[in-house]
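Step one of this worksheet: look at the structure below.
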Amino acid sequence: GGHDMAARVEQITRLDHAVNASVLISYICNRMEDKTGIVSFDVGVDKGLPTGRGASHLRAITAYVTDLEAAYRHTDYLALAASLRRRLHHRTLILILTVLPEREERHDLLRAVTMLAPQHLPLFVALTDRDLRAQASLLPADRNELSRTLVARDLWLGRAELIRELRARGGMVLETTAEDWGVDSVNAYIEIKRRQML
């Protein structure tokens with residue numbers, strides 16, 4: 001959810017990639033006879049769809065995600081965690097397709113994970129920032145490049161620290177590209193099932 005989902009990747013928005021991933025993971029979960037539910041969130045959390053399975057439930061998920069629209073809005077992770085705690089009564093894999101926040105939203109994200117784990121298993125399938133990574137590892141040729149590289153390194157190290165913190169608080173983090181969101185989500189789900197983590 002949130003403002004970063006409106007950015008475009010290869011001519012379609014990140015939200016479009018997230019929609020495709022959501023439909024794929026729902027289909028696979030249904031085949032494995034697991035229930036799925038879905039919510040979308042930014043400044044608030046919508047009602048979404050309660051957990052279910054079967055062909056009609058998959059059609060409802062497809063209809064639901066097809067109606068979502070990307071917008072540049074704040075992402076309220078605390079509202080998401082509070083909403084999920086109210087809705088979910090059994091240990092649940094919570095798959096969160098997102099762009100990891102920069103400084104201002106990090107504190108809320110970490111608090112949200114603490115609210116969800118260890119009762120639930122929050123899995124963040126987060127978009128990696130290849131441009132940031134490339135800039136952070138660049139050997140600067142001049143003063144301007146040095147400034148950009150230092151800022152990029154600071155952001156990249158902050159991201160690595162956030163991922164360590166999320167894991168330390170009981171979250172799982174998988175970094176991927178928008179194009180691979182669906183396949184990587186499915187592979188993570190299958191691995192979690194194989195390791196009997198739920």
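We label chains A, B, ... in the order they appear in the structure tokens, count residues from 1 in each chain, and number ligands from 1 in the order shown.
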key: strand (DSSP E or B) residues, from DSSP on the backbone, in chain A, as a ChimeraX atom specification   = /A:8-9,12-13,36-38,41,45,49-52,93-98,121-127,172-176
Selected residues written out, N, CA, C and O atoms, as a short mmCIF file (atom, residue, chain, number, x, y, z; two decimals), in the first residue's frame:
```
data_model
loop_
_atom_site.label_atom_id
_atom_site.label_comp_id
_atom_site.auth_asym_id
_atom_site.auth_seq_id
_atom_site.Cartn_x
_atom_site.Cartn_y
_atom_site.Cartn_z
N ARG A 8 5.92 4.24 -11.52
CA ARG A 8 5.83 3.33 -12.66
C ARG A 8 7.09 2.49 -12.82
O ARG A 8 8.19 2.96 -12.60
N VAL A 9 6.90 1.24 -13.18
CA VAL A 9 7.99 0.32 -13.47
C VAL A 9 7.66 -0.31 -14.82
O VAL A 9 6.65 -0.99 -14.94
N ILE A 12 4.01 0.06 -16.32
CA ILE A 12 2.83 -0.19 -15.49
C ILE A 12 3.20 0.13 -14.05
O ILE A 12 4.36 0.06 -13.66
N THR A 13 2.22 0.54 -13.26
CA THR A 13 2.53 0.98 -11.91
C THR A 13 2.91 -0.19 -11.02
O THR A 13 2.59 -1.34 -11.29
N THR A 36 -7.45 -17.30 2.00
CA THR A 36 -6.81 -16.00 1.81
C THR A 36 -7.84 -14.90 2.04
O THR A 36 -9.03 -15.08 1.80
N GLY A 37 -7.34 -13.77 2.52
CA GLY A 37 -8.13 -12.56 2.61
C GLY A 37 -7.25 -11.44 2.08
O GLY A 37 -6.06 -11.64 1.83
N ILE A 38 -7.80 -10.27 1.90
CA ILE A 38 -7.00 -9.17 1.34
C ILE A 38 -7.52 -7.83 1.85
O ILE A 38 -8.72 -7.65 2.04
N PHE A 41 -4.20 -0.67 1.95
CA PHE A 41 -4.01 0.37 2.98
C PHE A 41 -3.13 1.48 2.45
O PHE A 41 -2.28 1.29 1.60
N VAL A 45 -7.13 1.76 6.44
CA VAL A 45 -7.21 0.37 5.98
C VAL A 45 -8.65 0.13 5.56
O VAL A 45 -9.57 0.41 6.32
N LEU A 49 -11.43 -8.01 1.94
CA LEU A 49 -12.24 -9.23 1.88
C LEU A 49 -11.81 -10.15 3.01
O LEU A 49 -10.61 -10.37 3.21
N PRO A 50 -12.76 -10.72 3.74
CA PRO A 50 -12.39 -11.66 4.80
C PRO A 50 -11.80 -12.94 4.20
O PRO A 50 -11.91 -13.16 2.99
N THR A 51 -11.19 -13.75 5.04
CA THR A 51 -10.57 -14.97 4.53
C THR A 51 -11.62 -15.93 3.99
O THR A 51 -12.74 -16.01 4.49
N GLY A 52 -11.24 -16.62 2.94
CA GLY A 52 -12.10 -17.61 2.32
C GLY A 52 -11.32 -18.37 1.28
O GLY A 52 -10.12 -18.14 1.08
N LEU A 93 -0.17 -16.05 8.26
CA LEU A 93 0.89 -15.44 7.46
C LEU A 93 0.31 -14.14 6.90
O LEU A 93 -0.71 -14.16 6.19
N ILE A 94 0.94 -13.03 7.22
CA ILE A 94 0.49 -11.73 6.71
C ILE A 94 1.51 -11.27 5.67
O ILE A 94 2.63 -10.90 6.00
N LEU A 95 1.11 -11.36 4.43
CA LEU A 95 1.98 -11.01 3.32
C LEU A 95 1.76 -9.53 2.99
O LEU A 95 0.64 -9.14 2.64
N ILE A 96 2.81 -8.74 3.13
CA ILE A 96 2.68 -7.29 2.91
C ILE A 96 3.56 -6.91 1.73
O ILE A 96 4.79 -6.95 1.81
N LEU A 97 2.92 -6.56 0.62
CA LEU A 97 3.64 -6.10 -0.57
C LEU A 97 3.82 -4.61 -0.41
O LEU A 97 2.84 -3.85 -0.36
N THR A 98 5.06 -4.14 -0.33
CA THR A 98 5.27 -2.73 -0.02
C THR A 98 6.62 -2.24 -0.51
O THR A 98 7.46 -3.01 -0.97
N LEU A 121 2.71 -14.12 11.56
CA LEU A 121 3.98 -14.11 10.85
C LEU A 121 3.92 -13.05 9.75
O LEU A 121 3.38 -13.31 8.66
N PRO A 122 4.42 -11.84 10.03
CA PRO A 122 4.42 -10.81 8.99
C PRO A 122 5.59 -11.02 8.02
O PRO A 122 6.74 -11.13 8.43
N LEU A 123 5.27 -11.10 6.74
CA LEU A 123 6.27 -11.25 5.69
C LEU A 123 6.19 -10.04 4.78
O LEU A 123 5.18 -9.84 4.10
N PHE A 124 7.24 -9.25 4.77
CA PHE A 124 7.31 -8.08 3.89
C PHE A 124 8.01 -8.49 2.60
O PHE A 124 9.17 -8.91 2.62
N VAL A 125 7.28 -8.41 1.50
CA VAL A 125 7.89 -8.63 0.20
C VAL A 125 8.09 -7.22 -0.36
O VAL A 125 7.16 -6.58 -0.84
N ALA A 126 9.33 -6.75 -0.19
CA ALA A 126 9.63 -5.33 -0.40
C ALA A 126 10.41 -5.12 -1.69
O ALA A 126 11.29 -5.92 -2.04
N LEU A 127 10.08 -4.05 -2.37
CA LEU A 127 10.78 -3.73 -3.60
C LEU A 127 12.19 -3.26 -3.29
O LEU A 127 12.39 -2.36 -2.47
N MET A 172 9.57 -11.21 8.68
CA MET A 172 10.42 -11.75 7.62
C MET A 172 10.45 -10.70 6.51
O MET A 172 9.46 -10.01 6.29
N VAL A 173 11.60 -10.58 5.86
CA VAL A 173 11.73 -9.59 4.79
C VAL A 173 12.35 -10.27 3.57
O VAL A 173 13.37 -10.94 3.68
N LEU A 174 11.70 -10.09 2.44
CA LEU A 174 12.20 -10.60 1.18
C LEU A 174 12.26 -9.42 0.22
O LEU A 174 11.28 -8.71 0.04
N GLU A 175 13.43 -9.19 -0.36
CA GLU A 175 13.57 -8.10 -1.32
C GLU A 175 13.43 -8.65 -2.73
O GLU A 175 13.96 -9.71 -3.05
N THR A 176 12.72 -7.92 -3.56
CA THR A 176 12.46 -8.38 -4.92
C THR A 176 12.23 -7.18 -5.83
O THR A 176 12.25 -6.04 -5.39
#
```
ask   = Can you tell me, as a list in words, what residues are no more than 7 Å from segment 155-163 of chain A when counting only C-alpha atoms, ignoring any on the same chain fewer than 5 positions away?
value =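 So the residues in contact are Leu132, Arg133, Ala136 and Val173 of chain A.
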inquiry  = Nearest residue to Thr128 of chain A out of A:Asn144, A:Thr177, A:Thr114, A:Thr92, using only C-alpha atoms?
reply    = A:Thr177
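Across the structure, atom CA of Val186 of chain A and atom CA of Leu24 of chain A are spaced 7.7 Å apart.
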ask   = Mind pulling up the distance from atom CA of Ala134 of chain A to atom CA of Arg153 of chain A?
value = 9.7 Å
Shell around Ile61 of chain A at 12 Å using only C-alpha atoms, local window under 5 positions removed, as a PDB file with C-alpha atoms, in the first residue's frame:
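Saved to part_24.pdb:
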```
ATOM      1  CA  VAL A  19      -2.380  -6.648  -8.098  1.00  0.00           C
ATOM      2  CA  ASN A  20      -0.920  -9.372 -10.332  1.00  0.00           C
ATOM      3  CA  ALA A  21       1.051 -10.780  -7.388  1.00  0.00           C
ATOM      4  CA  SER A  22      -2.056 -10.769  -5.155  1.00  0.00           C
ATOM      5  CA  VAL A  23      -4.115 -12.704  -7.683  1.00  0.00           C
ATOM      6  CA  LEU A  24      -1.292 -15.219  -8.210  1.00  0.00           C
ATOM      7  CA  ILE A  25      -0.663 -15.847  -4.497  1.00  0.00           C
ATOM      8  CA  SER A  26      -4.407 -16.147  -3.836  1.00  0.00           C
ATOM      9  CA  TYR A  27      -4.705 -18.730  -6.607  1.00  0.00           C
ATOM     10  CA  ASN A  30      -6.411 -21.784  -2.869  1.00  0.00           C
ATOM     11  CA  LYS A  35      -7.749 -19.485   2.978  1.00  0.00           C
ATOM     12  CA  THR A  36      -6.808 -16.003   1.814  1.00  0.00           C
ATOM     13  CA  GLY A  37      -8.128 -12.556   2.610  1.00  0.00           C
ATOM     14  CA  ILE A  38      -7.002  -9.174   1.339  1.00  0.00           C
ATOM     15  CA  VAL A  39      -6.921  -5.529   2.409  1.00  0.00           C
ATOM     16  CA  SER A  40      -5.483  -2.426   0.879  1.00  0.00           C
ATOM     17  CA  GLY A  48     -11.024  -5.644   2.098  1.00  0.00           C
ATOM     18  CA  LEU A  49     -12.239  -9.231   1.881  1.00  0.00           C
ATOM     19  CA  PRO A  50     -12.388 -11.664   4.800  1.00  0.00           C
ATOM     20  CA  THR A  51     -10.570 -14.971   4.526  1.00  0.00           C
ATOM     21  CA  GLY A  52     -12.095 -17.613   2.316  1.00  0.00           C
ATOM     22  CA  ARG A  53     -11.353 -20.009  -0.492  1.00  0.00           C
ATOM     23  CA  GLY A  54     -12.934 -21.477  -3.593  1.00  0.00           C
ATOM     24  CA  ALA A  55     -13.642 -20.227  -7.097  1.00  0.00           C
ATOM     25  CA  SER A  56     -16.123 -17.527  -6.043  1.00  0.00           C
ATOM     26  CA  THR A  66      -9.001  -4.614 -10.135  1.00  0.00           C
ATOM     27  CA  ASP A  67     -10.789  -1.650  -8.513  1.00  0.00           C
ATOM     28  CA  LEU A  68      -7.733  -0.419  -6.580  1.00  0.00           C
TER      29      LEU A  68
END
```
query = Which one is closest to His120 of chain A: A:Leu150, A:Ala79, A:Leu198, A:His107? Count only C-alpha atoms.
reply = A:Leu198
ask   = Pick from A:Val99, A:Val43, A:Cys29, A:Leu78: nearest to Ala188 of chain A, with only C-alpha atoms counted?
value =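 Closest to Ala188 of chain A, using only C-alpha atoms: A:Cys29.
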task = For Leu109 of chain A, list every protein, DNA or RNA residue within 7 Å, evaluated using only C-alpha atoms, and leave out those in the same chain fewer than 3 positions away; present the list as a list of chain:residue names.
result = A:Tyr77, A:Leu78, A:Glu105, A:Arg106, A:Ala112, A:Val113
query = So, counting only C-alpha atoms, which residue among A:Leu15, A:Met32, A:Leu116, A:Leu88 is closest to Ala70 of chain A?
reply =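 Comparing A:Leu15, A:Met32, A:Leu116, A:Leu88 against Ala70 of chain A, the winner is A:Leu15.
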query = DSSP says alpha helix (DSSP H) for which residues of segment 16-145 of chain A? Put them as number ranges by chain?
reply = A: 16-31, 55-66, 77-87, 103-116, 130-136, 143-145
Dump C-alpha atoms for the selected residues as a PDB file, in the first residue's frame?
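Listing of out_25.pdb after writing:
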```
ATOM      1  CA  ASP A  16      -0.429  -3.155 -11.098  1.00  0.00           C
ATOM      2  CA  HIS A  17       2.440  -5.508 -10.273  1.00  0.00           C
ATOM      3  CA  ALA A  18       1.101  -5.874  -6.710  1.00  0.00           C
ATOM      4  CA  VAL A  19      -2.380  -6.648  -8.098  1.00  0.00           C
ATOM      5  CA  ASN A  20      -0.920  -9.372 -10.332  1.00  0.00           C
ATOM      6  CA  ALA A  21       1.051 -10.780  -7.388  1.00  0.00           C
ATOM      7  CA  SER A  22      -2.056 -10.769  -5.155  1.00  0.00           C
ATOM      8  CA  VAL A  23      -4.115 -12.704  -7.683  1.00  0.00           C
ATOM      9  CA  LEU A  24      -1.292 -15.219  -8.210  1.00  0.00           C
ATOM     10  CA  ILE A  25      -0.663 -15.847  -4.497  1.00  0.00           C
ATOM     11  CA  SER A  26      -4.407 -16.147  -3.836  1.00  0.00           C
ATOM     12  CA  TYR A  27      -4.705 -18.730  -6.607  1.00  0.00           C
ATOM     13  CA  ILE A  28      -1.753 -20.763  -5.274  1.00  0.00           C
ATOM     14  CA  CYS A  29      -3.018 -20.606  -1.669  1.00  0.00           C
ATOM     15  CA  ASN A  30      -6.411 -21.784  -2.869  1.00  0.00           C
ATOM     16  CA  ARG A  31      -4.775 -24.720  -4.684  1.00  0.00           C
ATOM     17  CA  ALA A  55     -13.642 -20.227  -7.097  1.00  0.00           C
ATOM     18  CA  SER A  56     -16.123 -17.527  -6.043  1.00  0.00           C
ATOM     19  CA  HIS A  57     -13.656 -16.180  -3.455  1.00  0.00           C
ATOM     20  CA  LEU A  58     -10.911 -15.990  -6.093  1.00  0.00           C
ATOM     21  CA  ARG A  59     -13.308 -14.095  -8.393  1.00  0.00           C
ATOM     22  CA  ALA A  60     -14.080 -11.679  -5.525  1.00  0.00           C
ATOM     23  CA  ILE A  61     -10.350 -11.071  -4.902  1.00  0.00           C
ATOM     24  CA  THR A  62      -9.770 -10.420  -8.607  1.00  0.00           C
ATOM     25  CA  ALA A  63     -12.682  -7.958  -8.696  1.00  0.00           C
ATOM     26  CA  TYR A  64     -11.453  -6.268  -5.510  1.00  0.00           C
ATOM     27  CA  VAL A  65      -7.867  -5.722  -6.685  1.00  0.00           C
ATOM     28  CA  THR A  66      -9.001  -4.614 -10.135  1.00  0.00           C
ATOM     29  CA  TYR A  77       1.410   0.760   9.108  1.00  0.00           C
ATOM     30  CA  LEU A  78       0.056   1.160  12.655  1.00  0.00           C
ATOM     31  CA  ALA A  79      -3.532   1.304  11.380  1.00  0.00           C
ATOM     32  CA  LEU A  80      -2.841  -1.819   9.318  1.00  0.00           C
ATOM     33  CA  ALA A  81      -1.458  -3.720  12.328  1.00  0.00           C
ATOM     34  CA  ALA A  82      -4.348  -2.652  14.574  1.00  0.00           C
ATOM     35  CA  SER A  83      -6.898  -3.660  11.943  1.00  0.00           C
ATOM     36  CA  LEU A  84      -5.296  -7.055  11.358  1.00  0.00           C
ATOM     37  CA  ARG A  85      -5.093  -7.773  15.091  1.00  0.00           C
ATOM     38  CA  ARG A  86      -8.844  -7.149  15.348  1.00  0.00           C
ATOM     39  CA  ARG A  87      -9.668  -9.325  12.332  1.00  0.00           C
ATOM     40  CA  ARG A 103      13.106   7.664   7.825  1.00  0.00           C
ATOM     41  CA  GLU A 104       9.814   9.233   8.879  1.00  0.00           C
ATOM     42  CA  GLU A 105       7.610   6.119   8.675  1.00  0.00           C
ATOM     43  CA  ARG A 106      10.179   3.595   9.956  1.00  0.00           C
ATOM     44  CA  HIS A 107       9.291   3.945  13.625  1.00  0.00           C
ATOM     45  CA  ASP A 108       5.617   3.187  12.912  1.00  0.00           C
ATOM     46  CA  LEU A 109       6.553   0.209  10.722  1.00  0.00           C
ATOM     47  CA  LEU A 110       8.707  -1.291  13.497  1.00  0.00           C
ATOM     48  CA  ARG A 111       5.949  -0.738  16.068  1.00  0.00           C
ATOM     49  CA  ALA A 112       3.457  -2.379  13.678  1.00  0.00           C
ATOM     50  CA  VAL A 113       5.644  -5.501  13.414  1.00  0.00           C
ATOM     51  CA  THR A 114       5.898  -5.659  17.207  1.00  0.00           C
ATOM     52  CA  MET A 115       2.079  -5.521  17.365  1.00  0.00           C
ATOM     53  CA  LEU A 116       1.725  -8.427  14.900  1.00  0.00           C
ATOM     54  CA  ARG A 130      18.359  -1.036  -7.806  1.00  0.00           C
ATOM     55  CA  ASP A 131      19.133   2.600  -8.666  1.00  0.00           C
ATOM     56  CA  LEU A 132      19.880   3.419  -5.031  1.00  0.00           C
ATOM     57  CA  ARG A 133      22.063   0.336  -4.694  1.00  0.00           C
ATOM     58  CA  ALA A 134      24.004   1.241  -7.856  1.00  0.00           C
ATOM     59  CA  GLN A 135      24.495   4.834  -6.701  1.00  0.00           C
ATOM     60  CA  ALA A 136      25.593   3.672  -3.223  1.00  0.00           C
ATOM     61  CA  ARG A 143      32.491  16.243  -5.938  1.00  0.00           C
ATOM     62  CA  ASN A 144      28.872  16.126  -7.184  1.00  0.00           C
ATOM     63  CA  GLU A 145      29.024  12.373  -7.604  1.00  0.00           C
TER      64      GLU A 145
END
```
inquiry  = So the first atom is atom CA of Glu69 of chain A and the second is atom CA of Asn187 of chain A; what is the distance between them in Å, to one decimal place?
reply    =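 It comes out at 26.6 Å.
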